[in-house]
file entry-v1.pdb (PDB, C-alpha atoms and all ligand atoms)
ATOM      1  CA  MET A   1     -30.272 -28.722 -38.928  1.00  0.00           C
ATOM      2  CA  ILE A   2     -29.523 -25.852 -36.538  1.00  0.00           C
ATOM      3  CA  THR A   3     -25.772 -25.322 -36.110  1.00  0.00           C
ATOM      4  CA  HIS A   4     -25.496 -21.709 -34.927  1.00  0.00           C
ATOM      5  CA  HIS A   5     -26.702 -20.882 -31.407  1.00  0.00           C
ATOM      6  CA  PRO A   6     -26.658 -17.826 -29.131  1.00  0.00           C
ATOM      7  CA  GLU A   7     -23.689 -17.577 -26.758  1.00  0.00           C
ATOM      8  CA  ILE A   8     -24.372 -19.019 -23.293  1.00  0.00           C
ATOM      9  CA  GLU A   9     -24.070 -15.505 -21.837  1.00  0.00           C
ATOM     10  CA  LEU A  10     -27.047 -14.408 -23.912  1.00  0.00           C
ATOM     11  CA  LEU A  11     -29.080 -17.423 -22.772  1.00  0.00           C
ATOM     12  CA  PHE A  12     -28.196 -16.617 -19.192  1.00  0.00           C
ATOM     13  CA  ASP A  13     -29.219 -12.975 -19.607  1.00  0.00           C
ATOM     14  CA  TYR A  14     -32.460 -14.149 -21.171  1.00  0.00           C
ATOM     15  CA  ALA A  15     -33.209 -16.605 -18.360  1.00  0.00           C
ATOM     16  CA  SER A  16     -32.446 -13.985 -15.723  1.00  0.00           C
ATOM     17  CA  GLY A  17     -34.768 -11.460 -17.359  1.00  0.00           C
ATOM     18  CA  ALA A  18     -31.880  -9.072 -18.085  1.00  0.00           C
ATOM     19  CA  LEU A  19     -32.435  -8.805 -21.859  1.00  0.00           C
ATOM     20  CA  PRO A  20     -34.577  -6.035 -23.317  1.00  0.00           C
ATOM     21  CA  GLU A  21     -37.770  -7.280 -24.969  1.00  0.00           C
ATOM     22  CA  PRO A  22     -36.467  -7.241 -28.591  1.00  0.00           C
ATOM     23  CA  MET A  23     -33.430  -9.415 -27.802  1.00  0.00           C
ATOM     24  CA  ALA A  24     -35.463 -11.629 -25.478  1.00  0.00           C
ATOM     25  CA  LEU A  25     -37.904 -12.195 -28.338  1.00  0.00           C
ATOM     26  CA  SER A  26     -35.118 -13.291 -30.659  1.00  0.00           C
ATOM     27  CA  ILE A  27     -33.770 -15.759 -28.070  1.00  0.00           C
ATOM     28  CA  ALA A  28     -37.272 -17.079 -27.288  1.00  0.00           C
ATOM     29  CA  CYS A  29     -37.891 -17.681 -31.005  1.00  0.00           C
ATOM     30  CA  HIS A  30     -34.583 -19.507 -31.400  1.00  0.00           C
ATOM     31  CA  ALA A  31     -35.176 -21.644 -28.310  1.00  0.00           C
ATOM     32  CA  SER A  32     -38.659 -22.543 -29.544  1.00  0.00           C
ATOM     33  CA  THR A  33     -37.072 -24.300 -32.534  1.00  0.00           C
ATOM     34  CA  CYS A  34     -33.792 -25.453 -30.945  1.00  0.00           C
ATOM     35  CA  ARG A  35     -33.798 -28.450 -28.603  1.00  0.00           C
ATOM     36  CA  HIS A  36     -30.197 -27.758 -27.554  1.00  0.00           C
ATOM     37  CA  CYS A  37     -30.874 -24.204 -26.346  1.00  0.00           C
ATOM     38  CA  CYS A  38     -34.234 -25.156 -24.867  1.00  0.00           C
ATOM     39  CA  ASP A  39     -32.370 -27.735 -22.736  1.00  0.00           C
ATOM     40  CA  GLN A  40     -29.750 -25.134 -21.803  1.00  0.00           C
ATOM     41  CA  LEU A  41     -32.469 -22.740 -20.661  1.00  0.00           C
ATOM     42  CA  HIS A  42     -34.090 -25.452 -18.553  1.00  0.00           C
ATOM     43  CA  LYS A  43     -30.715 -26.115 -16.911  1.00  0.00           C
ATOM     44  CA  LEU A  44     -30.376 -22.391 -16.179  1.00  0.00           C
ATOM     45  CA  GLU A  45     -33.891 -22.496 -14.793  1.00  0.00           C
ATOM     46  CA  GLU A  46     -32.913 -25.361 -12.465  1.00  0.00           C
ATOM     47  CA  MET A  47     -29.846 -23.386 -11.399  1.00  0.00           C
ATOM     48  CA  GLY A  48     -32.143 -20.476 -10.660  1.00  0.00           C
ATOM     49  CA  GLY A  49     -34.326 -22.795  -8.553  1.00  0.00           C
ATOM     50  CA  ALA A  50     -31.313 -23.923  -6.525  1.00  0.00           C
ATOM     51  CA  LEU A  51     -30.236 -20.307  -6.035  1.00  0.00           C
ATOM     52  CA  LEU A  52     -33.735 -19.468  -4.908  1.00  0.00           C
ATOM     53  CA  GLU A  53     -33.574 -22.117  -2.200  1.00  0.00           C
ATOM     54  CA  ASP A  54     -30.170 -20.809  -1.064  1.00  0.00           C
ATOM     55  CA  ALA A  55     -31.546 -17.298  -1.094  1.00  0.00           C
ATOM     56  CA  ALA A  56     -34.476 -18.337   1.085  1.00  0.00           C
ATOM     57  CA  GLU A  57     -32.038 -19.810   3.598  1.00  0.00           C
ATOM     58  CA  GLY A  58     -29.584 -16.926   3.391  1.00  0.00           C
ATOM     59  CA  GLY A  59     -32.153 -14.150   3.424  1.00  0.00           C
ATOM     60  CA  VAL A  60     -31.102 -12.816  -0.016  1.00  0.00           C
ATOM     61  CA  LYS A  61     -33.787 -11.084  -2.074  1.00  0.00           C
ATOM     62  CA  ALA A  62     -35.834 -13.968  -3.398  1.00  0.00           C
ATOM     63  CA  SER A  63     -37.923 -11.732  -5.615  1.00  0.00           C
ATOM     64  CA  GLU A  64     -35.026 -11.070  -7.991  1.00  0.00           C
ATOM     65  CA  LEU A  65     -34.280 -14.739  -8.378  1.00  0.00           C
ATOM     66  CA  GLU A  66     -37.901 -15.531  -8.914  1.00  0.00           C
ATOM     67  CA  ALA A  67     -37.703 -13.383 -12.057  1.00  0.00           C
ATOM     68  CA  VAL A  68     -35.235 -15.950 -13.408  1.00  0.00           C
ATOM     69  CA  LEU A  69     -37.864 -18.646 -13.154  1.00  0.00           C
ATOM     70  CA  THR A  70     -40.824 -16.751 -14.479  1.00  0.00           C
ATOM     71  CA  ARG A  71     -39.219 -15.396 -17.686  1.00  0.00           C
ATOM     72  CA  LEU A  72     -39.562 -18.699 -19.568  1.00  0.00           C
ATOM     73  CA  ASP A  73     -43.083 -19.263 -18.296  1.00  0.00           C
ATOM     74  CA  ASP A  74     -44.129 -15.830 -19.534  1.00  0.00           C
ATOM     75  CA  VAL A  75     -43.045 -16.569 -23.083  1.00  0.00           C
ATOM     76  CA  GLU A  76     -44.759 -19.945 -23.051  1.00  0.00           C
ATOM     77  CA  ILE A  77     -48.003 -18.468 -21.764  1.00  0.00           C
ATOM     78  CA  LYS A  78     -48.004 -15.780 -24.465  1.00  0.00           C
ATOM     79  CA  SER A  79     -47.502 -18.286 -27.265  1.00  0.00           C
ATOM     80  CA  GLU A  80     -49.962 -20.831 -25.903  1.00  0.00           C
ATOM     81  CA  SER A  81     -52.730 -18.276 -25.728  1.00  0.00           C
ATOM     82  CA  LEU A  82     -52.783 -17.950 -29.528  1.00  0.00           C
ATOM     83  CA  PRO A  83     -54.841 -20.461 -31.489  1.00  0.00           C
ATOM     84  CA  SER A  84     -52.820 -21.753 -34.450  1.00  0.00           C
ATOM     85  CA  SER A  85     -55.815 -21.206 -36.755  1.00  0.00           C
ATOM     86  CA  THR A  86     -55.229 -17.428 -36.491  1.00  0.00           C
ATOM     87  CA  PHE A  87     -52.661 -17.638 -39.294  1.00  0.00           C
ATOM     88  CA  ASP A  88     -52.490 -19.310 -42.692  1.00  0.00           C
ATOM     89  CA  GLU A  89     -50.235 -22.313 -43.267  1.00  0.00           C
ATOM     90  CA  ALA A  90     -47.309 -20.377 -44.799  1.00  0.00           C
ATOM     91  CA  THR A  91     -47.246 -17.998 -41.825  1.00  0.00           C
ATOM     92  CA  SER A  92     -47.578 -20.723 -39.181  1.00  0.00           C
ATOM     93  CA  LYS A  93     -44.799 -22.704 -40.878  1.00  0.00           C
ATOM     94  CA  THR A  94     -42.428 -19.722 -40.892  1.00  0.00           C
ATOM     95  CA  ILE A  95     -43.161 -17.696 -37.755  1.00  0.00           C
ATOM     96  CA  PRO A  96     -42.130 -19.235 -34.398  1.00  0.00           C
ATOM     97  CA  LYS A  97     -44.796 -19.165 -31.702  1.00  0.00           C
ATOM     98  CA  PRO A  98     -43.295 -16.401 -29.498  1.00  0.00           C
ATOM     99  CA  LEU A  99     -43.252 -14.064 -32.514  1.00  0.00           C
ATOM    100  CA  ARG A 100     -46.886 -14.709 -33.509  1.00  0.00           C
ATOM    101  CA  PHE A 101     -47.996 -12.671 -30.532  1.00  0.00           C
ATOM    102  CA  TYR A 102     -46.513  -9.591 -32.258  1.00  0.00           C
ATOM    103  CA  LEU A 103     -47.725 -10.337 -35.786  1.00  0.00           C
ATOM    104  CA  PRO A 104     -50.848  -8.456 -36.910  1.00  0.00           C
ATOM    105  CA  GLY A 105     -51.686 -10.779 -39.811  1.00  0.00           C
ATOM    106  CA  ASN A 106     -50.451 -13.299 -42.332  1.00  0.00           C
ATOM    107  CA  LEU A 107     -47.054 -12.797 -43.964  1.00  0.00           C
ATOM    108  CA  LYS A 108     -48.608 -12.041 -47.338  1.00  0.00           C
ATOM    109  CA  ASP A 109     -50.809  -9.286 -45.849  1.00  0.00           C
ATOM    110  CA  LEU A 110     -48.127  -7.424 -43.878  1.00  0.00           C
ATOM    111  CA  LYS A 111     -47.159  -3.888 -44.902  1.00  0.00           C
ATOM    112  CA  TRP A 112     -43.819  -4.827 -46.431  1.00  0.00           C
ATOM    113  CA  ARG A 113     -41.605  -1.907 -47.331  1.00  0.00           C
ATOM    114  CA  HIS A 114     -39.665  -2.586 -50.503  1.00  0.00           C
ATOM    115  CA  ILE A 115     -35.982  -1.707 -50.597  1.00  0.00           C
ATOM    116  CA  GLY A 116     -35.146  -2.166 -54.265  1.00  0.00           C
ATOM    117  CA  ARG A 117     -36.539  -5.204 -56.066  1.00  0.00           C
ATOM    118  CA  LYS A 118     -34.882  -7.884 -53.999  1.00  0.00           C
ATOM    119  CA  VAL A 119     -35.247  -6.855 -50.377  1.00  0.00           C
ATOM    120  CA  SER A 120     -38.316  -6.056 -48.320  1.00  0.00           C
ATOM    121  CA  GLN A 121     -38.766  -5.222 -44.687  1.00  0.00           C
ATOM    122  CA  TYR A 122     -41.559  -5.290 -42.143  1.00  0.00           C
ATOM    123  CA  ASN A 123     -40.994  -3.346 -38.919  1.00  0.00           C
ATOM    124  CA  PHE A 124     -42.661  -4.635 -35.774  1.00  0.00           C
ATOM    125  CA  ASP A 125     -44.371  -2.163 -33.528  1.00  0.00           C
ATOM    126  CA  ILE A 126     -42.191  -2.799 -30.486  1.00  0.00           C
ATOM    127  CA  ASP A 127     -41.430   0.398 -28.678  1.00  0.00           C
ATOM    128  CA  VAL A 128     -38.163  -0.142 -26.859  1.00  0.00           C
ATOM    129  CA  ALA A 129     -35.782   2.810 -27.110  1.00  0.00           C
ATOM    130  CA  GLY A 130     -32.805   2.214 -29.371  1.00  0.00           C
ATOM    131  CA  TYR A 131     -34.102  -1.050 -30.841  1.00  0.00           C
ATOM    132  CA  LYS A 132     -35.576  -2.024 -34.186  1.00  0.00           C
ATOM    133  CA  VAL A 133     -37.231  -5.382 -34.735  1.00  0.00           C
ATOM    134  CA  SER A 134     -37.902  -6.349 -38.343  1.00  0.00           C
ATOM    135  CA  LEU A 135     -38.702  -9.186 -40.643  1.00  0.00           C
ATOM    136  CA  MET A 136     -36.389  -9.010 -43.639  1.00  0.00           C
ATOM    137  CA  ARG A 137     -37.166 -10.886 -46.841  1.00  0.00           C
ATOM    138  CA  PHE A 138     -34.360 -11.395 -49.350  1.00  0.00           C
ATOM    139  CA  LYS A 139     -34.888 -12.799 -52.819  1.00  0.00           C
ATOM    140  CA  ALA A 140     -33.265 -16.186 -53.476  1.00  0.00           C
ATOM    141  CA  GLY A 141     -29.723 -15.969 -54.892  1.00  0.00           C
ATOM    142  CA  THR A 142     -29.245 -12.315 -53.882  1.00  0.00           C
ATOM    143  CA  PRO A 143     -26.054 -10.923 -52.365  1.00  0.00           C
ATOM    144  CA  MET A 144     -27.050  -8.529 -49.559  1.00  0.00           C
ATOM    145  CA  PRO A 145     -25.346  -5.123 -49.403  1.00  0.00           C
ATOM    146  CA  ILE A 146     -21.911  -5.091 -47.761  1.00  0.00           C
ATOM    147  CA  HIS A 147     -22.425  -3.550 -44.375  1.00  0.00           C
ATOM    148  CA  THR A 148     -21.082  -3.079 -40.888  1.00  0.00           C
ATOM    149  CA  HIS A 149     -22.801  -2.036 -37.652  1.00  0.00           C
ATOM    150  CA  LYS A 150     -22.676   0.698 -35.069  1.00  0.00           C
ATOM    151  CA  GLY A 151     -24.165  -1.689 -32.556  1.00  0.00           C
ATOM    152  CA  ASN A 152     -25.289  -5.291 -32.291  1.00  0.00           C
ATOM    153  CA  GLU A 153     -27.373  -7.255 -34.786  1.00  0.00           C
ATOM    154  CA  ALA A 154     -29.100 -10.538 -33.982  1.00  0.00           C
ATOM    155  CA  THR A 155     -30.450 -12.439 -36.963  1.00  0.00           C
ATOM    156  CA  LEU A 156     -32.653 -15.506 -36.694  1.00  0.00           C
ATOM    157  CA  VAL A 157     -33.323 -17.343 -39.947  1.00  0.00           C
ATOM    158  CA  LEU A 158     -36.998 -18.263 -40.366  1.00  0.00           C
ATOM    159  CA  ALA A 159     -37.024 -19.485 -43.988  1.00  0.00           C
ATOM    160  CA  GLY A 160     -34.463 -20.163 -46.698  1.00  0.00           C
ATOM    161  CA  GLY A 161     -30.815 -19.560 -45.839  1.00  0.00           C
ATOM    162  CA  TYR A 162     -27.630 -17.673 -46.584  1.00  0.00           C
ATOM    163  CA  SER A 163     -23.856 -17.951 -46.523  1.00  0.00           C
ATOM    164  CA  ASP A 164     -21.672 -15.482 -44.680  1.00  0.00           C
ATOM    165  CA  GLN A 165     -17.884 -15.576 -44.439  1.00  0.00           C
ATOM    166  CA  GLY A 166     -17.656 -19.300 -45.048  1.00  0.00           C
ATOM    167  CA  ARG A 167     -20.504 -20.202 -42.708  1.00  0.00           C
ATOM    168  CA  HIS A 168     -23.972 -21.317 -43.740  1.00  0.00           C
ATOM    169  CA  PHE A 169     -27.175 -20.347 -41.955  1.00  0.00           C
ATOM    170  CA  GLU A 170     -30.611 -21.913 -42.342  1.00  0.00           C
ATOM    171  CA  ARG A 171     -33.961 -22.044 -40.531  1.00  0.00           C
ATOM    172  CA  GLY A 172     -33.464 -21.760 -36.771  1.00  0.00           C
ATOM    173  CA  ASP A 173     -29.852 -20.570 -36.963  1.00  0.00           C
ATOM    174  CA  PHE A 174     -28.924 -17.590 -34.815  1.00  0.00           C
ATOM    175  CA  ASP A 175     -26.321 -15.108 -36.044  1.00  0.00           C
ATOM    176  CA  ALA A 176     -24.959 -12.349 -33.789  1.00  0.00           C
ATOM    177  CA  LYS A 177     -22.861  -9.519 -35.195  1.00  0.00           C
ATOM    178  CA  ASP A 178     -21.168  -6.547 -33.521  1.00  0.00           C
ATOM    179  CA  PRO A 179     -19.337  -3.440 -34.832  1.00  0.00           C
ATOM    180  CA  SER A 180     -16.191  -5.463 -35.585  1.00  0.00           C
ATOM    181  CA  HIS A 181     -17.953  -7.282 -38.457  1.00  0.00           C
ATOM    182  CA  THR A 182     -18.163  -6.061 -42.024  1.00  0.00           C
ATOM    183  CA  HIS A 183     -20.023  -8.640 -44.028  1.00  0.00           C
ATOM    184  CA  GLN A 184     -21.994  -9.444 -47.147  1.00  0.00           C
ATOM    185  CA  PRO A 185     -24.260 -12.460 -46.692  1.00  0.00           C
ATOM    186  CA  ILE A 186     -25.346 -14.220 -49.899  1.00  0.00           C
ATOM    187  CA  VAL A 187     -28.854 -15.678 -49.982  1.00  0.00           C
ATOM    188  CA  ASP A 188     -29.247 -19.334 -51.039  1.00  0.00           C
ATOM    189  CA  GLU A 189     -30.748 -20.180 -54.410  1.00  0.00           C
ATOM    190  CA  GLY A 190     -34.168 -21.794 -54.596  1.00  0.00           C
ATOM    191  CA  GLU A 191     -36.066 -20.088 -51.756  1.00  0.00           C
ATOM    192  CA  ASP A 192     -36.425 -16.528 -50.482  1.00  0.00           C
ATOM    193  CA  CYS A 193     -34.790 -15.955 -47.112  1.00  0.00           C
ATOM    194  CA  ILE A 194     -36.926 -14.539 -44.309  1.00  0.00           C
ATOM    195  CA  ALA A 195     -35.186 -13.530 -41.103  1.00  0.00           C
ATOM    196  CA  LEU A 196     -36.055 -11.896 -37.804  1.00  0.00           C
ATOM    197  CA  VAL A 197     -33.522  -9.100 -37.355  1.00  0.00           C
ATOM    198  CA  VAL A 198     -33.014  -7.210 -34.092  1.00  0.00           C
ATOM    199  CA  ILE A 199     -30.600  -4.290 -34.068  1.00  0.00           C
ATOM    200  CA  ASP A 200     -29.705  -1.787 -31.365  1.00  0.00           C
ATOM    201  CA  ALA A 201     -28.060   0.806 -33.672  1.00  0.00           C
ATOM    202  CA  PRO A 202     -28.274   1.717 -37.361  1.00  0.00           C
ATOM    203  CA  VAL A 203     -26.636  -0.415 -40.036  1.00  0.00           C
ATOM    204  CA  ILE A 204     -23.770   1.304 -41.876  1.00  0.00           C
ATOM    205  CA  LEU A 205     -23.501   0.353 -45.520  1.00  0.00           C
ATOM    206  CA  ALA A 206     -19.918  -0.065 -46.637  1.00  0.00           C
ATOM    207  CA  GLY A 207     -20.118  -1.115 -50.309  1.00  0.00           C
ATOM    208  CA  PRO A 208     -20.104   0.861 -53.565  1.00  0.00           C
ATOM    209  CA  PHE A 209     -23.882   1.367 -53.426  1.00  0.00           C
ATOM    210  CA  SER A 210     -23.813   2.812 -49.918  1.00  0.00           C
ATOM    211  CA  ARG A 211     -24.552   6.335 -51.003  1.00  0.00           C
ATOM    212  CA  PHE A 212     -27.523   5.182 -53.013  1.00  0.00           C
ATOM    213  CA  LEU A 213     -28.999   2.769 -50.462  1.00  0.00           C
ATOM    214  CA  ASN A 214     -28.323   4.498 -47.161  1.00  0.00           C
ATOM    215  CA  PRO A 215     -31.325   6.873 -47.284  1.00  0.00           C
ATOM    216  CA  PHE A 216     -33.626   3.912 -47.959  1.00  0.00           C
ATOM    217  CA  ILE A 217     -32.438   1.513 -45.310  1.00  0.00           C
ATOM    218  CA  LYS A 218     -33.790   2.893 -42.110  1.00  0.00           C
ATOM    219  CA  LEU A 219     -33.265  -0.136 -39.951  1.00  0.00           C
TER     220      LEU A 219
HETATM  221 ZN    ZN A 301     -29.756 -23.170 -30.148  1.00  0.00          ZN
END

call {"tool": "encode", "arguments": {"input": "entry-v1.pdb", "output": "structure tokens"}}
result
Amino acid sequence: MITHHPEIELLFDYASGALPEPMALSIACHASTCRHCCDQLHKLEEMGGALLEDAAEGGVKASELEAVLTRLDDVEIKSESLPSSTFDEATSKTIPKPLRFYLPGNLKDLKWRHIGRKVSQYNFDIDVAGYKVSLMRFKAGTPMPIHTHKGNEATLVLAGGYSDQGRHFERGDFDAKDPSHTHQPIVDEGEDCIALVVIDAPVILAGPFSRFLNPFIKL
């Protein structure tokens, strides 16, 4: 069951078209699996509709408000245009529809970059300055490196789960971190954890293996 959601401010920025593509993708993927946030976005959409009517009466720029309404439709159109048969069952089960548009093949065929024996990474080809969008795969039962951030990190769990500072995250959960967090998530036993990770600045490793790992983790 999904228990961790994006802050309402992020949903609002998404609905108004203010988020850059990488963050918008993360929110769209969460909302595609989360009834609660999907409902919230529809409410924001209705609010946008009401504003649009007011704008029409008051002579305010309607075009800007129209962007609020079209953002959701855009994502839905992208995902609907993909036949589900494009991907194998494991991939379809794991990858939310808005993300399939960006995926060149099945999970098992992606060019995973191995970081040690327990972590692998696939970088999406999304060219937005300052952003990295990756799939990260962590082996079951693995503690991730202790790390902090120069910027913001948005993690969406797609398979398996992990614990972080007394909180547990599983499929569909959204986890936002900023530079004030130093953390070491621990991956659940039993199933590898796959997550969509969007960052807007490099990760800074803070643990004893930092010196060893830092040159290899080019997030
Ligand atoms: Zn949610």

call {"tool": "resolve_selection", "arguments": {"input": "entry-v1.pdb", "expression": "the PyMOL selection byres (((not hetatm)) within 12 of (chain A and resi 301))", "output": "PyMOL selection string"}}
result
chain A and resi 1-8+10-11+26-41+156-157+171-175

call {"tool": "atom_distance", "arguments": {"input": "entry-v1.pdb", "atom1": "CA of Val133 in chain A", "atom2": "CA of Ile186 in chain A"}}
result
21.2 Å

call {"tool": "residues_around", "arguments": {"input": "entry-v1.pdb", "residues": "range 195-197 of chain A", "least_positions_apart": "2", "cutoff": "10 Å", "atoms": "only C-alpha atoms", "output": "ChimeraX atom specification"}}
result
/A:22-23,25-26,29,94-95,99,121-123,132-138,153-161,170-176,192-193,199,219

call {"tool": "atom_distance", "arguments": {"input": "entry-v1.pdb", "atom1": "CA of His183 in chain A", "atom2": "CA of Val198 in chain A"}}
result
16.4 Å

call {"tool": "resolve_selection", "arguments": {"input": "entry-v1.pdb", "expression": "the PyMOL selection byres (((chain A and resi 92) around 12) and not hetatm)", "output": "PDB file with C-alpha atoms, in the coordinates of the input"}}
result
ATOM      1  CA  LEU A  82     -52.783 -17.950 -29.528  1.00  0.00           C
ATOM      2  CA  PRO A  83     -54.841 -20.461 -31.489  1.00  0.00           C
ATOM      3  CA  SER A  84     -52.820 -21.753 -34.450  1.00  0.00           C
ATOM      4  CA  SER A  85     -55.815 -21.206 -36.755  1.00  0.00           C
ATOM      5  CA  THR A  86     -55.229 -17.428 -36.491  1.00  0.00           C
ATOM      6  CA  PHE A  87     -52.661 -17.638 -39.294  1.00  0.00           C
ATOM      7  CA  ASP A  88     -52.490 -19.310 -42.692  1.00  0.00           C
ATOM      8  CA  GLU A  89     -50.235 -22.313 -43.267  1.00  0.00           C
ATOM      9  CA  ALA A  90     -47.309 -20.377 -44.799  1.00  0.00           C
ATOM     10  CA  THR A  91     -47.246 -17.998 -41.825  1.00  0.00           C
ATOM     11  CA  LYS A  93     -44.799 -22.704 -40.878  1.00  0.00           C
ATOM     12  CA  THR A  94     -42.428 -19.722 -40.892  1.00  0.00           C
ATOM     13  CA  ILE A  95     -43.161 -17.696 -37.755  1.00  0.00           C
ATOM     14  CA  PRO A  96     -42.130 -19.235 -34.398  1.00  0.00           C
ATOM     15  CA  LYS A  97     -44.796 -19.165 -31.702  1.00  0.00           C
ATOM     16  CA  PRO A  98     -43.295 -16.401 -29.498  1.00  0.00           C
ATOM     17  CA  LEU A  99     -43.252 -14.064 -32.514  1.00  0.00           C
ATOM     18  CA  ARG A 100     -46.886 -14.709 -33.509  1.00  0.00           C
ATOM     19  CA  PHE A 101     -47.996 -12.671 -30.532  1.00  0.00           C
ATOM     20  CA  LEU A 103     -47.725 -10.337 -35.786  1.00  0.00           C
ATOM     21  CA  GLY A 105     -51.686 -10.779 -39.811  1.00  0.00           C
ATOM     22  CA  ASN A 106     -50.451 -13.299 -42.332  1.00  0.00           C
ATOM     23  CA  LEU A 107     -47.054 -12.797 -43.964  1.00  0.00           C
ATOM     24  CA  LYS A 108     -48.608 -12.041 -47.338  1.00  0.00           C
ATOM     25  CA  LEU A 158     -36.998 -18.263 -40.366  1.00  0.00           C
ATOM     26  CA  ALA A 159     -37.024 -19.485 -43.988  1.00  0.00           C
TER      27      ALA A 159
END

call {"tool": "residues_near_point", "arguments": {"input": "entry-v1.pdb", "point": "(-24.2, -8.2, -49.9)", "cutoff": "8 Å", "atoms": "all atoms listed in the file", "output": "count of residues only"}}
result
10

call {"tool": "atom_distance", "arguments": {"input": "entry-v1.pdb", "atom1": "CA of Lys118 in chain A", "atom2": "CA of Gly141 in chain A"}}
result
9.6 Å

call {"tool": "resolve_selection", "arguments": {"input": "entry-v1.pdb", "expression": "the PyMOL selection byres (((chain A and resi 200) around 6) and not hetatm)", "output": "mmCIF file with C-alpha atoms, in the frame of the given file"}}
result
data_model
loop_
_atom_site.group_PDB
_atom_site.id
_atom_site.type_symbol
_atom_site.label_atom_id
_atom_site.label_comp_id
_atom_site.auth_asym_id
_atom_site.auth_seq_id
_atom_site.Cartn_x
_atom_site.Cartn_y
_atom_site.Cartn_z
ATOM 1 C CA GLY A 130 -32.805 2.214 -29.371
ATOM 2 C CA TYR A 131 -34.102 -1.050 -30.841
ATOM 3 C CA GLY A 151 -24.165 -1.689 -32.556
ATOM 4 C CA ASN A 152 -25.289 -5.291 -32.291
ATOM 5 C CA ILE A 199 -30.600 -4.290 -34.068
ATOM 6 C CA ALA A 201 -28.060 0.806 -33.672
#

call {"tool": "closest_residue", "arguments": {"input": "entry-v1.pdb", "among": "A:Ile194, A:Leu110, A:Gly166, A:His149", "to": "Thr182 in chain A", "atoms": "all atoms listed in the file"}}
result
A:His149

call {"tool": "closest_residue", "arguments": {"input": "entry-v1.pdb", "among": "A:Leu44, A:Ala24, A:Asp125, A:Asp188", "to": "Phe12 in chain A", "atoms": "all atoms listed in the file"}}
result
A:Leu44
